[in-house]
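Notes follow the structure.
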There are 2 protein chains.
Amino acid sequence: MSNADRALKLSGPVPVRVSSGQRVRVPKTAELVADALRRAIIQGELSPGDALPPESAMMEQFGVSRPTLREAIRVLESESLIVVRRGVHGGARVNAPDPKTAARYLGLILEYRNTNLSEMFDLVSSLEPPCARLLAERQSESDVERLREALAAEREAGTDPVAAAEAHAAFHATLVELTGNRAVITVSETVQCIFAEVGTQHAAGGDGPDFQKDHEAHLKVVRLIAAGKGAEAERHWQRHTALMARTSAASDGDSPLELLA
Amino acid sequence: MSNADRALKLSGPVPVRVSSGQRVRVPKTAELVADALRRAIIQGELSPGDALPPESAMMEQFGVSRPTLREAIRVLESESLIVVRRGVHGGARVNAPDPKTAARYLGLILEYRNTNLSEMFDLVSSLEPPCARLLAERQSESDVERLREALAAEREAGTDPVAAAEAHAAFHATLVELTGNRAVITVSETVQCIFAEVGTQHAAGGDGPDFQKDHEAHLKVVRLIAAGKGAEAERHWQRHTALMARTSAASDGDSPLELLA
DNA sequence: AGTTATTTGTTCGTATGTATG
DNA sequence: CCATACATACGAACAAATAAC
């Protein structure tokens, strides 16, 4: 059976070589299989938790050999779209795509480009202030309620370094999530994943004696949002996040990311 | 040869199963090989264009069989870290990690979450205004010169739709690049890659009769940057990008991304 | 608690296609 | 046009892990 025959079974149009001498990227069989499975997962035909057919069934379905199928399986596994377990009721199960995967690849490029922590904080300082403004302009009561809950969680965390850092990060995440903008939310989550990778000590930005000061800044932004003062909320949050960036730069913000170490 | 023995050859610490009943994710051999090669590429030991050893050599080097090695190769190829060619002087060659790869995975999640174009434009509207402010505060002569070159390119593109759209996008890219913040630059490039995927007709945002208006907005931001008026430059650029977002929403900004179609 | 059946993990051998020289 | 070197793909086999019985 030729490669072209197999491609027909997988994605319809056969990758034909053009007669002119032009270079043609011939899709490998395993890639076609991986693409077909990935598409089924992303478009919701397969839901998280669903089991893929056993290897033998997929071999027949796609008309490929086991090594070829396994190459495709390994690709999807590297993308965290599936997890594979051995044993009797094992096999491949679908995973929901989550920002941690995107973070891995974005982090790869950032590390390759010698990006440092300060630049990452500046990125946060770009993303979050417009969120504060949007919430203030919308002036929704339920938004304010959610933010006040996050504030309460901060107070409850008290001075325990790790709990306070978590609550601090959760407040920032809430501020972004409430906007409902899935693009901004996803990028923000991705960035936070990278922070989590590089070490929790920087994730909160204020791993010092200024938890109290941070909490006051959070209180203030909620006050401004509740009052509908968009421009002021944005400006205030811009200053707050910029301060976090400077604080990090003072410690070791100039050292490049090392995610693969 | 056991899996643990092979792991030793690859990454040192052996993935030992803990005695307690806890679930342990046992790394597969192909993953370990892929990790080792990926690390060598990202950390610069292998430069773009370099050829990896032939399969037979790598099989011996890592102590794995051909199918296992090929699983690893396929993973790296799916990440665009290498390209594999057949034939006499074929083999795997190293590719520089570029934002297009991150865009694929970020786009996957965005599509899964039913993100639409409007939300993407709002993201741009978060990222770029702080760049304008930073450039104005820095007030560098060479920055202004580069921006004026981008403006000249826009004038040169004239009214040709595709050339004008390209020049328009290039101006935005220049504005971001000049800041020198690698994190913001990389995320911005990633977002632009997604726009390019979804279709060039939206990439510029102004695929209508308002190229002239856009150009005037670009002129103004350069004027404000040259004058060192940071706050005004940021506000102006915020309005400009927000206008692009609204223009897109008016056409088909509400339709979710379809990157795998 | 041990056995067993099922499923994946890994390997070997072999045949084919492709591009270079 | 042929020969060579390399990746591509297949099939069969054994090993290891896991859950059910």
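Residue numbering restarts at 1 in every chain; chains get A, B, ... in the order shown in the structure tokens, and ligands count up from 1 in that same order.
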
Given only C-alpha atoms (C1' of nucleotides), how would the per-residue table for chain A near chain D read, listing every residue at most 8 Å away with its closest atom pair and distance in Å to one decimal, sorted by chain and number, as a Markdown table?
```
| residue | atom | partner | partner_atom | distance |
| --- | --- | --- | --- | --- |
| A:Ser65 | CA | D:DC10 | C1' | 6.2 |
| A:Thr68 | CA | D:DA9 | C1' | 7.4 |
| A:Arg86 | CA | D:DA17 | C1' | 5.9 |
| A:Gly87 | CA | D:DT18 | C1' | 3.7 |
| A:Val88 | CA | D:DA19 | C1' | 5.6 |
| A:His89 | CA | D:DA19 | C1' | 6.6 |
| A:Gly90 | CA | D:DT18 | C1' | 7.6 |
```

Same residues, all heavy atoms, saved as a short mmCIF file (atom, residue, chain, number, x, y, z; two decimals), in the first residue's frame:
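out-v4.cif was written with the following content:
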```
data_model
loop_
_atom_site.label_atom_id
_atom_site.label_comp_id
_atom_site.auth_asym_id
_atom_site.auth_seq_id
_atom_site.Cartn_x
_atom_site.Cartn_y
_atom_site.Cartn_z
N SER A 65 0.69 0.71 10.28
CA SER A 65 1.32 -0.30 11.13
C SER A 65 1.45 0.22 12.55
O SER A 65 1.25 1.40 12.83
CB SER A 65 2.70 -0.63 10.59
OG SER A 65 3.58 0.44 10.81
N THR A 68 4.12 3.11 13.17
CA THR A 68 3.63 4.39 12.65
C THR A 68 2.57 4.98 13.58
O THR A 68 2.60 6.17 13.91
CB THR A 68 3.04 4.18 11.25
OG1 THR A 68 4.05 3.68 10.39
CG2 THR A 68 2.52 5.49 10.69
N ARG A 86 -0.57 1.74 30.65
CA ARG A 86 -0.46 0.33 30.26
C ARG A 86 -1.40 -0.53 31.11
O ARG A 86 -1.99 -0.06 32.06
CB ARG A 86 0.98 -0.15 30.43
CG ARG A 86 1.92 0.52 29.48
CD ARG A 86 3.19 -0.25 29.37
NE ARG A 86 4.06 -0.03 30.50
CZ ARG A 86 5.31 -0.45 30.55
NH1 ARG A 86 5.81 -1.13 29.54
NH2 ARG A 86 6.06 -0.22 31.59
N GLY A 87 -1.48 -1.76 30.75
CA GLY A 87 -2.27 -2.67 31.55
C GLY A 87 -3.60 -3.02 30.91
O GLY A 87 -3.89 -2.61 29.79
N VAL A 88 -4.38 -3.77 31.64
CA VAL A 88 -5.60 -4.35 31.08
C VAL A 88 -6.56 -3.28 30.55
O VAL A 88 -6.87 -3.25 29.38
CB VAL A 88 -6.31 -5.21 32.14
CG1 VAL A 88 -7.63 -5.69 31.59
CG2 VAL A 88 -5.42 -6.36 32.53
N HIS A 89 -6.99 -2.41 31.41
CA HIS A 89 -7.91 -1.39 30.92
C HIS A 89 -7.18 -0.08 30.65
O HIS A 89 -7.72 1.00 30.86
CB HIS A 89 -9.05 -1.18 31.92
CG HIS A 89 -10.04 -2.30 31.88
ND1 HIS A 89 -10.00 -3.35 32.77
CD2 HIS A 89 -11.07 -2.57 31.05
CE1 HIS A 89 -10.97 -4.19 32.49
NE2 HIS A 89 -11.64 -3.75 31.45
N GLY A 90 -5.97 -0.23 30.19
CA GLY A 90 -5.16 0.94 29.88
C GLY A 90 -5.51 1.52 28.53
O GLY A 90 -6.62 1.38 28.05
#
```

>> Residues of chain A were defined as contacting chain B if any atom lay at most 6 Å from it, counting only C-alpha atoms; please report them as an NGL selection string.
In response: :A and (42 or 71 or 75 or 97 or 102 or 105-106 or 109 or 112 or 115 or 119-120 or 123 or 126-127 or 181-184)

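For the pair atom CA of Ala217 of chain A and atom CA of Ala242 of chain A, the interatomic distance is 12.2 Å.
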
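Between Ala165 of chain A and the candidates A:Ser188, A:Ser142, A:Gln212, A:Thr179, the tightest atom-to-atom separation, counting only C-alpha atoms, involves A:Gln212.
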
> Where in segment 115-251 of chain B does DSSP assign helix (DSSP H, G or I), given as a count of residues only?
Replying inline: 115

> atom CA of Ile82 of chain B and atom CA of Val83 of chain A are how many Å apart?
Replying inline: 24.1 Å

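Rounded to one decimal, atom CA of Asp210 of chain A and atom CA of Ala164 of chain A lie 10.8 Å from each other.
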
>> Could you tell me which residues of chain C sit within 12 Å of chain A when counting only C-alpha atoms (C1' of nucleotides), and give me the result as a list of chain:residue names?
In response: C:DT4, C:DA5, C:DT6, C:DT7, C:DT8, C:DG9, C:DT10, C:DT11, C:DT16, C:DG17, C:DT18, C:DA19

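Secondary structure from DSSP on the backbone puts strand (DSSP E or B) at the following positions of segment 17-258 of chain B: Ala51, Ile82, Val83, Val84, Arg85, Gly91, Ala92, Arg93, Val94, Asn116 and Pro256 of chain B.
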